[in-house]
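Raw target-v7.txt, compact mmCIF, C-alpha atoms:
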```txt
# COMPACT_ATOMS: atom_id res chain seq x y z
CA MET A 1156 76.44 189.87 114.19
CA LYS A 1157 79.03 188.59 111.80
CA PHE A 1158 81.33 187.91 114.74
CA ALA A 1159 78.64 185.87 116.56
CA VAL A 1160 78.03 183.62 113.55
CA LEU A 1161 81.72 182.97 113.24
CA LEU A 1162 81.94 182.10 116.91
CA ILE A 1163 79.08 179.58 116.65
CA GLY A 1164 80.67 178.08 113.58
CA PHE A 1165 83.90 177.66 115.47
CA THR A 1166 82.45 176.09 118.62
CA SER A 1167 80.35 173.57 116.68
CA LEU A 1168 83.56 172.11 115.27
CA SER A 1169 84.85 171.44 118.77
CA SER A 1170 84.02 168.07 120.29
CA SER A 1171 83.24 169.77 123.59
CA ALA A 1172 80.52 172.01 122.20
CA ILE A 1173 77.09 172.07 123.80
CA GLY A 1174 74.30 171.17 121.42
CA ALA A 1175 76.47 169.21 119.01
CA ASP A 1176 76.24 165.45 119.28
CA VAL A 1177 79.51 163.61 119.66
CA HIS A 1178 79.83 160.34 117.75
CA VAL A 1179 81.65 157.19 118.79
CA GLU A 1180 82.00 154.29 116.34
CA ILE A 1181 81.95 150.68 117.47
CA SER A 1182 84.15 148.84 115.02
CA LYS A 1183 86.42 145.81 115.20
CA PHE A 1184 85.43 145.26 118.84
CA ALA A 1185 86.62 148.70 119.94
CA PHE A 1186 85.15 152.13 120.72
CA THR A 1187 86.65 154.84 118.52
CA PRO A 1188 87.58 157.17 120.03
CA SER A 1189 87.65 155.28 123.29
CA GLU A 1190 88.27 158.43 125.33
CA ILE A 1191 86.36 161.67 124.78
CA THR A 1192 85.87 164.93 126.67
CA VAL A 1193 82.51 166.71 126.39
CA LYS A 1194 80.67 169.57 128.12
CA PRO A 1195 77.67 168.90 130.37
CA GLY A 1196 74.52 168.61 128.27
CA THR A 1197 76.27 166.87 125.39
CA THR A 1198 74.66 163.86 123.75
CA VAL A 1199 77.01 161.06 122.77
CA VAL A 1200 75.84 158.75 119.95
CA TRP A 1201 77.35 155.29 119.52
CA THR A 1202 76.94 153.39 116.23
CA ASN A 1203 77.68 149.67 115.87
CA ASP A 1204 79.54 148.95 112.62
CA ASP A 1205 80.40 145.33 113.55
CA GLN A 1206 78.60 142.15 112.43
CA THR A 1207 78.49 141.24 116.12
CA PRO A 1208 76.08 142.81 118.62
CA HIS A 1209 77.54 145.02 121.32
CA THR A 1210 76.21 146.98 124.29
CA ILE A 1211 77.06 150.28 125.96
CA SER A 1212 76.93 149.83 129.73
CA ALA A 1213 78.12 152.28 132.36
CA ARG A 1214 80.38 150.82 135.00
CA ASP A 1215 78.20 152.46 137.68
CA GLY A 1216 74.98 151.32 136.00
CA SER A 1217 73.83 154.91 135.29
CA PHE A 1218 73.16 154.15 131.61
CA ALA A 1219 72.92 151.02 129.49
CA SER A 1220 71.84 150.09 126.01
CA THR A 1221 70.14 146.89 124.98
CA GLY A 1222 71.89 144.67 122.43
CA MET A 1223 72.86 146.77 119.40
CA ASP A 1224 72.77 145.01 116.04
CA THR A 1225 74.80 146.16 113.03
CA GLY A 1226 73.88 149.77 112.21
CA ASP A 1227 72.01 150.35 115.48
CA THR A 1228 72.70 153.50 117.46
CA TYR A 1229 72.43 154.30 121.14
CA GLN A 1230 72.61 157.76 122.65
CA HIS A 1231 73.00 159.19 126.10
CA THR A 1232 73.09 162.80 127.29
CA PHE A 1233 75.68 163.58 129.95
CA THR A 1234 74.32 166.27 132.27
CA ARG A 1235 76.77 166.26 135.14
CA GLU A 1236 80.53 166.72 135.31
CA GLY A 1237 82.56 163.63 136.02
CA ASP A 1238 84.09 160.57 134.37
CA ALA A 1239 81.75 157.96 132.92
CA SER A 1240 83.52 154.69 132.36
CA TYR A 1241 81.62 152.19 130.19
CA PHE A 1242 82.08 148.79 128.52
CA CYS A 1243 80.37 146.20 126.35
CA THR A 1244 78.72 143.65 128.64
CA VAL A 1245 79.29 140.77 126.22
CA HIS A 1246 82.89 141.72 125.35
CA PRO A 1247 84.18 143.21 128.58
CA PHE A 1248 87.61 143.86 127.10
CA MET A 1249 85.91 146.66 125.11
CA THR A 1250 86.08 149.75 127.30
CA GLY A 1251 85.66 153.50 126.89
CA ILE A 1252 85.43 156.63 128.99
CA VAL A 1253 83.58 159.93 128.68
CA HIS A 1254 85.07 162.88 130.58
CA VAL A 1255 82.37 165.47 131.23
CA ARG A 1256 83.99 168.86 131.90
CA GLN A 1257 82.70 172.44 132.01
CA MET B 726 95.70 124.03 125.44
CA SER B 727 97.30 120.88 126.76
CA HIS B 728 96.73 117.29 125.79
CA ASP B 729 96.95 114.24 127.95
CA ASN B 730 98.64 111.68 125.76
CA HIS B 731 98.02 108.77 128.11
CA PRO B 732 101.41 107.13 127.55
CA GLU B 733 100.06 104.08 129.39
CA ASN B 734 97.47 103.67 126.66
CA PRO B 735 99.23 103.15 123.33
CA GLN B 736 95.89 102.55 121.59
CA ARG B 737 95.24 106.26 121.70
CA ARG B 738 98.29 107.00 119.62
CA GLN B 739 97.40 104.15 117.31
CA ALA B 740 93.93 105.59 116.84
CA LEU B 741 95.35 108.93 115.83
CA GLY B 742 97.65 107.22 113.34
CA CYS B 743 94.72 105.35 111.79
CA LEU B 744 92.79 108.57 111.56
CA ALA B 745 95.47 110.22 109.51
CA ALA B 746 95.12 107.42 106.98
CA TRP B 747 91.36 107.91 106.81
CA SER B 748 91.36 111.68 106.70
CA GLY B 749 88.91 113.06 104.20
CA ALA B 750 86.54 110.11 104.38
CA ALA B 751 83.52 109.73 106.59
CA VAL B 752 84.61 107.53 109.45
CA VAL B 753 83.00 106.89 112.79
CA TRP B 754 85.26 105.52 115.47
CA THR B 755 84.17 103.80 118.58
CA LEU B 756 86.26 102.47 121.39
CA ALA B 757 85.40 99.07 122.78
CA GLY B 758 87.50 97.74 125.63
CA GLY B 759 90.10 100.38 124.91
CA VAL B 760 90.68 99.17 121.36
CA PRO B 761 89.61 101.65 118.72
CA ARG B 762 88.00 100.30 115.60
CA ALA B 763 86.45 101.95 112.61
CA LEU B 764 82.77 101.20 112.31
CA GLY B 765 82.52 101.84 108.65
CA ALA B 766 83.19 104.43 106.05
CA THR B 767 81.95 105.39 102.67
CA THR B 768 82.69 108.39 100.54
CA ALA B 769 78.95 109.05 100.49
CA GLY B 770 79.04 109.68 104.20
CA GLY B 771 77.12 106.56 105.21
CA VAL B 772 78.20 104.88 108.41
CA ALA B 773 77.70 101.35 109.64
CA ALA B 774 75.68 100.81 112.79
CA ALA B 775 77.44 101.23 116.11
CA ASP B 776 76.94 99.09 119.20
CA LYS B 777 73.20 99.32 119.73
CA ASN B 778 73.68 99.40 123.49
CA ALA B 779 76.00 102.42 123.47
CA PHE B 780 74.49 105.65 124.77
CA THR B 781 75.07 108.32 122.17
CA PHE B 782 74.05 111.97 121.97
CA VAL B 783 74.80 115.02 119.84
CA GLN B 784 76.14 118.47 120.68
CA ILE B 785 75.25 121.48 118.55
CA SER B 786 76.24 125.02 119.41
CA ASP B 787 76.13 128.70 118.51
CA THR B 788 73.25 128.58 116.03
CA HIS B 789 72.85 132.40 116.24
CA ILE B 790 69.30 132.34 114.86
CA GLY B 791 68.65 135.87 113.57
CA PHE B 792 72.17 136.40 112.17
CA ASN B 793 72.01 137.37 108.48
CA LYS B 794 75.36 139.02 107.70
CA PRO B 795 77.85 138.00 104.97
CA ALA B 796 79.63 135.45 107.20
CA ASN B 797 76.44 133.31 106.87
CA PRO B 798 73.30 134.83 105.33
CA ASP B 799 71.35 131.58 105.97
CA VAL B 800 71.85 130.28 109.50
CA VAL B 801 68.43 128.59 109.41
CA GLY B 802 69.55 126.65 106.34
CA SER B 803 72.74 125.59 108.14
CA LEU B 804 70.78 124.41 111.18
CA ARG B 805 68.30 122.52 108.95
CA ARG B 806 71.20 120.78 107.20
CA ALA B 807 72.64 119.76 110.57
CA ILE B 808 69.22 118.52 111.69
CA ALA B 809 68.96 116.35 108.56
CA ASP B 810 72.44 114.93 109.29
CA ILE B 811 71.52 114.17 112.91
CA ASN B 812 68.20 112.58 111.94
CA ALA B 813 70.05 110.38 109.45
CA LEU B 814 72.61 109.04 111.95
CA PRO B 815 72.52 105.23 111.82
CA GLN B 816 72.41 105.07 115.58
CA ALA B 817 69.81 107.54 116.74
CA PRO B 818 71.12 109.84 119.47
CA ALA B 819 69.20 109.76 122.75
CA LEU B 820 69.19 113.54 122.99
CA VAL B 821 70.71 116.71 121.58
CA VAL B 822 72.43 119.34 123.70
CA HIS B 823 72.93 122.94 122.58
CA THR B 824 75.78 124.82 124.25
CA GLY B 825 74.53 128.38 123.89
CA ASP B 826 74.01 131.35 121.58
CA VAL B 827 70.76 129.85 120.41
CA SER B 828 69.82 133.35 119.20
CA HIS B 829 71.89 136.19 117.85
CA LEU B 830 70.14 139.12 119.52
CA SER B 831 67.97 137.65 122.31
CA LYS B 832 64.81 138.54 120.36
CA PRO B 833 61.69 136.56 121.38
CA GLU B 834 61.02 135.62 117.74
CA GLN B 835 64.57 134.24 117.47
CA PHE B 836 64.14 132.03 120.57
CA TRP B 837 60.77 130.72 119.36
CA GLN B 838 62.00 130.12 115.83
CA ALA B 839 64.94 128.14 117.26
CA ARG B 840 62.57 126.12 119.43
CA GLU B 841 60.42 125.32 116.44
CA LEU B 842 63.46 124.26 114.40
CA PHE B 843 64.75 122.03 117.23
CA GLY B 844 61.34 120.33 117.06
CA GLU B 845 62.41 118.90 113.69
CA LEU B 846 65.04 116.76 115.45
CA HIS B 847 63.96 113.15 115.89
CA VAL B 848 65.03 113.01 119.53
CA SER B 849 63.00 113.04 122.70
CA ARG B 850 64.79 116.01 124.23
CA VAL B 851 66.86 119.02 123.22
CA HIS B 852 68.64 120.58 126.18
CA THR B 853 69.99 124.10 125.90
CA ILE B 854 72.06 126.44 128.01
CA PRO B 855 72.33 130.18 127.32
CA GLY B 856 75.12 132.05 125.55
CA GLU B 857 75.80 135.75 126.00
CA HIS B 858 73.86 136.46 122.81
CA ASP B 859 70.82 134.98 124.60
CA ALA B 860 71.27 137.40 127.51
CA LEU B 861 71.53 140.75 125.71
CA ASP B 862 68.26 142.27 126.95
CA ASN B 863 66.52 141.68 130.25
CA GLY B 864 69.18 139.19 131.37
CA LEU B 865 67.90 135.69 130.65
CA GLY B 866 64.20 136.59 130.98
CA GLY B 867 63.53 136.22 127.25
CA TYR B 868 65.58 133.03 126.92
CA LEU B 869 63.87 131.36 129.86
CA LYS B 870 60.42 131.98 128.39
CA ALA B 871 61.34 129.56 125.58
CA PHE B 872 63.92 127.35 127.33
CA ASP B 873 63.09 126.86 131.00
CA HIS B 874 64.01 123.18 131.23
CA ASP B 875 63.00 122.45 134.81
CA GLY B 876 60.42 125.16 135.46
CA LYS B 877 62.61 126.90 138.04
CA GLN B 878 63.26 130.07 136.00
CA ARG B 879 67.00 129.72 136.13
CA ALA B 880 69.47 128.71 133.47
CA TRP B 881 71.31 125.99 135.39
CA TYR B 882 69.88 122.53 135.97
CA SER B 883 70.78 118.86 135.93
CA PHE B 884 69.21 115.63 134.77
CA ASP B 885 70.10 111.96 134.35
CA GLN B 886 69.84 110.04 131.12
CA GLY B 887 71.47 106.84 129.88
CA GLY B 888 73.44 106.45 133.09
CA VAL B 889 75.03 109.88 132.61
CA HIS B 890 74.54 112.84 134.95
CA PHE B 891 74.13 115.96 132.80
CA ILE B 892 74.74 119.41 134.31
CA GLY B 893 73.80 122.60 132.46
CA LEU B 894 75.54 125.75 133.67
CA SER B 895 75.21 129.45 132.84
CA ASN B 896 78.38 131.54 132.61
CA VAL B 897 77.10 134.43 130.52
CA LEU B 898 75.52 136.85 132.99
CA ASP B 899 78.46 138.06 134.97
CA PHE B 900 80.74 139.87 132.53
CA ARG B 901 82.62 142.56 134.39
CA ILE B 902 84.48 145.50 132.92
CA GLY B 903 87.88 144.46 131.61
CA SER B 904 87.40 140.95 133.02
CA MET B 905 86.26 137.39 132.39
CA THR B 906 82.77 136.06 132.84
CA SER B 907 82.07 133.79 135.81
CA LEU B 908 79.63 131.22 137.17
CA GLY B 909 79.13 133.01 140.48
CA ASP B 910 78.95 131.77 144.05
CA GLU B 911 75.24 130.88 143.97
CA GLN B 912 75.70 128.54 141.03
CA ILE B 913 78.84 126.92 142.45
CA ALA B 914 77.02 126.31 145.73
CA TRP B 915 74.19 124.72 143.74
CA LEU B 916 76.67 122.54 141.83
CA LYS B 917 78.21 121.31 145.08
CA LYS B 918 74.77 120.36 146.37
CA ASP B 919 73.76 118.76 143.07
CA LEU B 920 76.86 116.53 143.03
CA ARG B 921 76.19 115.24 146.55
CA GLY B 922 73.83 112.59 145.24
CA VAL B 923 76.05 111.48 142.34
CA SER B 924 78.43 108.53 142.78
CA HIS B 925 82.03 109.01 141.67
CA SER B 926 81.66 106.26 139.08
CA THR B 927 78.81 108.03 137.26
CA PRO B 928 79.92 109.64 134.00
CA ILE B 929 79.31 113.39 134.13
CA VAL B 930 78.70 115.71 131.20
CA VAL B 931 78.81 119.45 131.93
CA LEU B 932 77.41 122.01 129.50
CA ALA B 933 78.64 125.62 129.68
CA HIS B 934 78.82 128.22 126.93
CA VAL B 935 82.08 130.10 127.57
CA PRO B 936 85.12 127.79 127.72
CA MET B 937 85.84 126.43 131.19
CA TRP B 938 89.56 127.07 130.84
CA MET B 939 91.52 130.19 130.02
CA ILE B 940 92.02 130.04 126.27
CA TYR B 941 92.61 133.70 125.42
CA PRO B 942 92.02 136.38 128.06
CA GLN B 943 92.45 139.21 125.52
CA TRP B 944 89.11 138.15 124.00
CA SER B 945 87.56 137.07 127.34
CA TRP B 946 87.74 133.43 126.19
CA GLY B 947 87.70 131.90 129.64
CA THR B 948 85.67 131.63 132.85
CA ALA B 949 87.17 133.37 135.90
CA ASP B 950 85.94 130.85 138.49
CA ALA B 951 86.00 127.69 136.32
CA ASP B 952 88.61 126.14 138.62
CA GLN B 953 86.16 126.23 141.55
CA ALA B 954 83.66 124.19 139.54
CA LEU B 955 86.32 121.81 138.17
CA ALA B 956 87.63 121.19 141.70
CA LEU B 957 84.19 119.84 142.63
CA LEU B 958 84.29 117.51 139.60
CA ARG B 959 87.84 116.21 140.13
CA PRO B 960 86.87 113.18 142.27
CA TYR B 961 84.74 111.78 139.45
CA GLY B 962 86.10 109.11 137.13
CA SER B 963 84.66 110.49 133.88
CA VAL B 964 83.96 114.18 133.37
CA THR B 965 83.32 115.69 129.95
CA VAL B 966 82.84 119.46 129.75
CA LEU B 967 81.23 120.71 126.54
CA ASN B 968 81.63 124.38 125.63
CA GLY B 969 80.74 126.63 122.70
CA HIS B 970 81.40 130.36 122.26
CA ILE B 971 84.66 130.25 120.28
CA HIS B 972 83.19 128.54 117.17
CA GLN B 973 86.06 126.09 116.77
CA VAL B 974 87.23 122.77 118.17
CA MET B 975 89.76 122.88 120.98
CA GLN B 976 90.37 120.55 123.88
CA LYS B 977 92.10 120.33 127.18
CA VAL B 978 92.44 117.11 129.14
CA GLU B 979 93.37 117.21 132.81
CA GLY B 980 93.28 113.84 134.54
CA HIS B 981 89.73 112.55 134.21
CA ILE B 982 88.35 115.91 133.10
CA ALA B 983 88.16 116.52 129.36
CA ILE B 984 87.05 119.97 128.19
CA HIS B 985 86.00 120.39 124.57
CA THR B 986 84.85 123.43 122.63
CA ALA B 987 82.68 122.87 119.55
CA MET B 988 82.15 124.27 116.09
CA SER B 989 79.32 126.72 115.59
CA LEU B 990 76.43 126.14 113.18
CA ALA B 991 76.53 129.80 112.08
CA TYR B 992 80.00 131.12 111.21
CA PRO B 993 83.67 130.62 112.07
CA LEU B 994 85.70 132.84 114.39
CA PRO B 995 89.45 133.42 114.13
CA LYS B 996 91.91 131.32 116.05
CA PRO B 997 93.16 133.05 119.19
CA GLY B 998 95.66 135.70 118.14
CA GLN B 999 95.44 134.63 114.48
CA SER B 1000 97.50 136.92 112.31
CA GLY B 1001 95.36 139.55 110.58
CA PHE B 1002 92.51 139.26 113.09
CA GLY B 1003 92.54 141.81 115.88
CA GLU B 1004 89.12 140.85 117.20
CA PRO B 1005 86.89 137.77 117.62
CA GLY B 1006 84.33 138.76 114.97
CA PRO B 1007 82.61 136.56 112.35
CA VAL B 1008 85.00 135.48 109.61
CA THR B 1009 83.60 135.62 106.07
CA VAL B 1010 85.17 132.81 104.05
CA PRO B 1011 85.01 132.18 100.27
CA ALA B 1012 81.84 130.50 98.98
CA GLY B 1013 82.00 126.74 99.45
CA GLU B 1014 84.33 126.96 102.46
CA LEU B 1015 81.77 127.77 105.16
CA GLY B 1016 80.40 124.21 105.37
CA LYS B 1017 83.85 122.90 106.23
CA LEU B 1018 84.09 125.19 109.25
CA ILE B 1019 80.68 124.72 110.88
CA GLY B 1020 79.13 121.46 112.05
CA THR B 1021 78.03 119.09 114.78
CA ARG B 1022 79.53 116.66 117.32
CA GLN B 1023 78.43 113.16 118.26
CA LEU B 1024 79.43 111.74 121.64
CA THR B 1025 79.22 108.14 122.75
CA VAL B 1026 79.68 106.68 126.20
CA VAL B 1027 81.98 103.69 126.02
CA PRO B 1028 81.59 101.34 128.99
CA GLY B 1029 84.86 100.81 130.80
CA ARG B 1030 86.46 103.97 129.49
CA ASN B 1031 86.76 107.35 131.15
CA ALA B 1032 86.69 109.41 127.99
CA LEU B 1033 83.66 109.65 125.75
CA ALA B 1034 84.19 108.94 122.05
CA LEU B 1035 83.82 112.19 120.11
CA ILE B 1036 83.27 112.76 116.43
CA ASP B 1037 83.24 116.31 115.07
CA THR B 1038 81.58 116.46 111.68
CA PRO B 1039 81.52 119.62 109.58
CA LEU B 1040 78.45 120.10 107.39
CA GLU B 1041 80.74 119.48 104.41
CA ARG B 1042 81.93 115.98 105.30
CA ALA B 1043 85.44 115.43 106.58
CA PRO B 1044 85.03 114.31 110.18
CA VAL B 1045 87.67 115.21 112.71
CA ASN B 1046 87.97 112.56 115.39
CA HIS B 1047 89.70 112.83 118.69
CA PRO B 1048 89.70 109.95 121.13
```

Let me see the structure of the file written as structure tokens.
Amino acid sequence: MKFAVLLIGFTSLSSSAIGADVHVEISKFAFTPSEITVKPGTTVVWTNDDQTPHTISARDGSFASTGMDTGDTYQHTFTREGDASYFCTVHPFMTGIVHVRQ
Amino acid sequence: MSHDNHPENPQRRQALGCLAAWSGAAVVWTLAGGVPRALGATTAGGVAAADKNAFTFVQISDTHIGFNKPANPDVVGSLRRAIADINALPQAPALVVHTGDVSHLSKPEQFWQARELFGELHVSRVHTIPGEHDALDNGLGGYLKAFDHDGKQRAWYSFDQGGVHFIGLSNVLDFRIGSMTSLGDEQIAWLKKDLRGVSHSTPIVVLAHVPMWMIYPQWSWGTADADQALALLRPYGSVTVLNGHIHQVMQKVEGHIAIHTAMSLAYPLPKPGQSGFGEPGPVTVPAGELGKLIGTRQLTVVPGRNALALIDTPLERAPVNHP
């Protein structure tokens, strides 16, 4: 029992854990971190810390936020393995990628 | 940015020299028969009447209604101040054009509040084009509910006023990953068709939000297919392209095509690549400085000249003229 608790405690610290949300900050017109690796089923939460609105839009159109004001969050759960490349539609030089791996 | 110095036209240099002497005062310049002359100046900002026959209009831009962050907690107040300035111009402008980012977040209440505020302008028409802040949700659906100028449910249109052919374009819908925005083939085909009925001697004013030349690709400050549109405009004797987006005055003159970006009425942005600024976000300046960095532009058609006379006036008076 003690071992199991320790194990859960350990995995929740890992960014690739199932069940733990992974956070990406939008600050100074950049996604930080811009590249993350998560397990299928993980929810990624983006928070806009800029005074300027931004969006999260998948290159393949599979997910997209509306305009996010300062302090707004957007979340998406990645269910399938693969690479999800995304950008901000109003500042297309802002790009990020989510690697979804088992 | 390149400037055409017109070496064959020494008056232009002379005008710039005169301006330096007047800097800091409120001066309106006009150009009659190629000879620049000051119309009048007072420290109170009053200006003598211009040629009553000249066709004059005003450009405002990037009002960002809905913005309330430290860079400008009162954008409505800034717009109202600009409206008072415009309404007080000694020669009433025929119309006002707005070159995009009417709203900050594409919210319906922001569009309608802007529309109501524009109603306080003593002009017959206010023509807008969309900025990318007006296209955040649902493309331009929300924007067009408040600002569909010709009833065709699209953001590009043209009209004639005062002998000038005005063309409003939309270059804010086609941002692609890691790339510039563009006008798109459908709009360029429309532009080609629209210009068919316009004689080469007609002055043309083009409105587009994102600059129509490549100012700074790192911040997407340019339009990928601008050259295709400019090629269609090259045969015309007087083409003035008015842009917004970068919240500062810049210009590029290429033959008979002059491209000008304008100040915002909300907040300043850094200069391209300005030291200490890694991104094109709102710049918060010390109290009392903001009014010097946001403002309006008056444009006047001068018969016999290709270039329009432009006067950029910050809300805190110290007009910047460029012939």

Any chance you could tabulate, as a tab-separated table, the residues of chain A at most 10 Å from chain B with each one's nearest atom pair and distance in Å to one decimal, using all atoms listed in the file, in chain and rising number order?
```
residue	atom	partner	partner_atom	distance
A:Ser1182	CA	B:Glu1004	CA	9.7
A:Lys1183	CA	B:Glu1004	CA	6.0
A:Phe1184	CA	B:Glu1004	CA	6.0
A:Ala1185	CA	B:Glu1004	CA	8.7
A:Asp1205	CA	B:Gly1006	CA	7.8
A:Gln1206	CA	B:Lys794	CA	6.5
A:Thr1207	CA	B:Gly1006	CA	6.4
A:Pro1208	CA	B:Leu830	CA	7.1
A:His1209	CA	B:Leu861	CA	8.6
A:Thr1210	CA	B:Leu861	CA	7.9
A:Ser1212	CA	B:Ile902	CA	9.3
A:Ala1213	CA	B:Ile902	CA	9.3
A:Arg1214	CA	B:Ile902	CA	7.0
A:Ser1220	CA	B:Asp862	CA	8.7
A:Thr1221	CA	B:Asp862	CA	5.4
A:Gly1222	CA	B:Leu861	CA	5.1
A:Met1223	CA	B:Leu830	CA	8.1
A:Asp1224	CA	B:Leu830	CA	7.3
A:Thr1225	CA	B:Lys794	CA	8.9
A:Ser1240	CA	B:Ile902	CA	9.3
A:Tyr1241	CA	B:Ile902	CA	7.8
A:Phe1242	CA	B:Ile902	CA	6.0
A:Cys1243	CA	B:Ile902	CA	7.8
A:Thr1244	CA	B:Phe900	CA	5.8
A:Val1245	CA	B:Glu857	CA	6.1
A:His1246	CA	B:Ser945	CA	6.9
A:Pro1247	CA	B:Ile902	CA	4.9
A:Phe1248	CA	B:Gly903	CA	4.6
A:Met1249	CA	B:Gly903	CA	7.1
A:Thr1250	CA	B:Gly903	CA	7.1
```

Quiz item: Can you list, as a VMD selection string, every protein, DNA or RNA residue that comes within 6 Å of region 1188-1194 of chain A when you count only C-alpha atoms, leaving out same-chain residues fewer than 5 positions away?
Solution: chain A and resid 1171 1251 to 1257

Please enclose the listed atoms of region 1243-1246 of chain A in an axis-aligned box, pad each side by 4 Å, and write out the centre and the three edge lengths in Å, rounded to one decimal, as lines of an AutoDock Vina configuration file.
```
center_x = 80.8
center_y = 143.5
center_z = 127.0
size_x = 12.2
size_y = 13.4
size_z = 11.3
```

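The spacing separating CA of Ala1034 (chain B) from CA of Ala779 (chain B) amounts to 10.6 Å.
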
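When only C-alpha atoms are used to measure the gap to Ala949 (chain B), the shortest distance among B:Asn896, B:Thr1025, B:Gln886, B:Ser924 belongs to B:Asn896.
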
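The spacing separating CA of Asp950 (chain B) from CA of Ala983 (chain B) amounts to 17.1 Å.
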
Quiz item: So how many Å separate CA of Thr986 (chain B) and CA of Asn778 (chain B), to one decimal?
Solution: 26.5 Å

Quiz item: Nearest to Gly1020 (chain B) among B:Ala813, B:Ala871, B:Val974, B:Val821, with distances taken over all atoms listed in the file: which residue is it?
Solution: B:Val974

Quiz item: So which residues touch Ile1181 (chain A) within 7 Å, counting all atoms listed in the file, skipping near sequence neighbours fewer than 6 positions away, as a ChimeraX atom specification?
Solution: /A:1187,1201-1205

Exercise. Point out the residue among B:Val851, B:Val978, B:Leu957, B:Ala991 with the least atom-to-atom distance to Leu920 (chain B), counting all atoms listed in the file.
Key: B:Leu957

Exercise. Within 6 Å of (72.5, 168.3, 132.1) (coordinates as in the file), grab all the protein and nucleic acid residues, counting all atoms listed in the file, and write them out as a ChimeraX atom specification.
Key: /A:1195-1196,1234-1235
